[in-house]
Amino acid sequence: MVKPKDIADLNRIYTDAESADKDIFAEYRSNILLTEGTHYSRRSFRDRPNLRDARDLSYDHQKLRITKNHTHKIVRHYVANILSHAPDVTIVPQDETSMQDKKAAELNLSVKRNFDYKYRMPEKTREWCHDFVGIGEAAVKIFWDPNAGTLK
């Protein structure tokens, strides 16, 4: 039988678990800000409304800002490159001479096209690819559960 833990043990386990993921979540947060182009702090805009006119900025600071400004263009380029090499799938009959296979393939292809249209799969694929490139991690498992309702 497992001994129940007291509140001090539970708090210690919680803080250990939270600190284990802190670095990963910080990296995700900075990747999201960079990808979306909102990586500038509001304070930097208030203090220096135009960075090009500032005379006391170092070259390294300016170079870093330029690099961060182009991140969204790089992400867009990567996403377009991945999606151009990832074609959609189609359904064909296993036996081209069999009428039953042809009809089954047509039926399955119409179901797939309806699914793609109803759940906007091209847009979702682009969104998932953008998350994969921009944030650095994405996991998708697509399955159909008729009792669960619409795909989220």
# chains A, B, ... in the order shown; residues from 1 in each chain; ligands from 1
call {"tool": "residues_around", "arguments": {"residues": "segment 123-137 of chain A", "least_positions_apart": "6", "cutoff": "7 Å", "atoms": "only C-alpha atoms", "output": "NGL selection string"}}
result
:A and (28 or 31-32 or 35 or 75 or 79)
call {"tool": "atom_distance", "arguments": {"atom1": "atom CA of Ile91 of chain A", "atom2": "atom CA of Ala104 of chain A"}}
result
9.4 Å
call {"tool": "atom_distance", "arguments": {"atom1": "atom CA of Val2 of chain A", "atom2": "atom CA of Ser19 of chain A"}}
result
25.6 Å
call {"tool": "atom_distance", "arguments": {"atom1": "atom CA of Pro146 of chain A", "atom2": "atom CA of Tyr119 of chain A"}}
result
14.2 Å
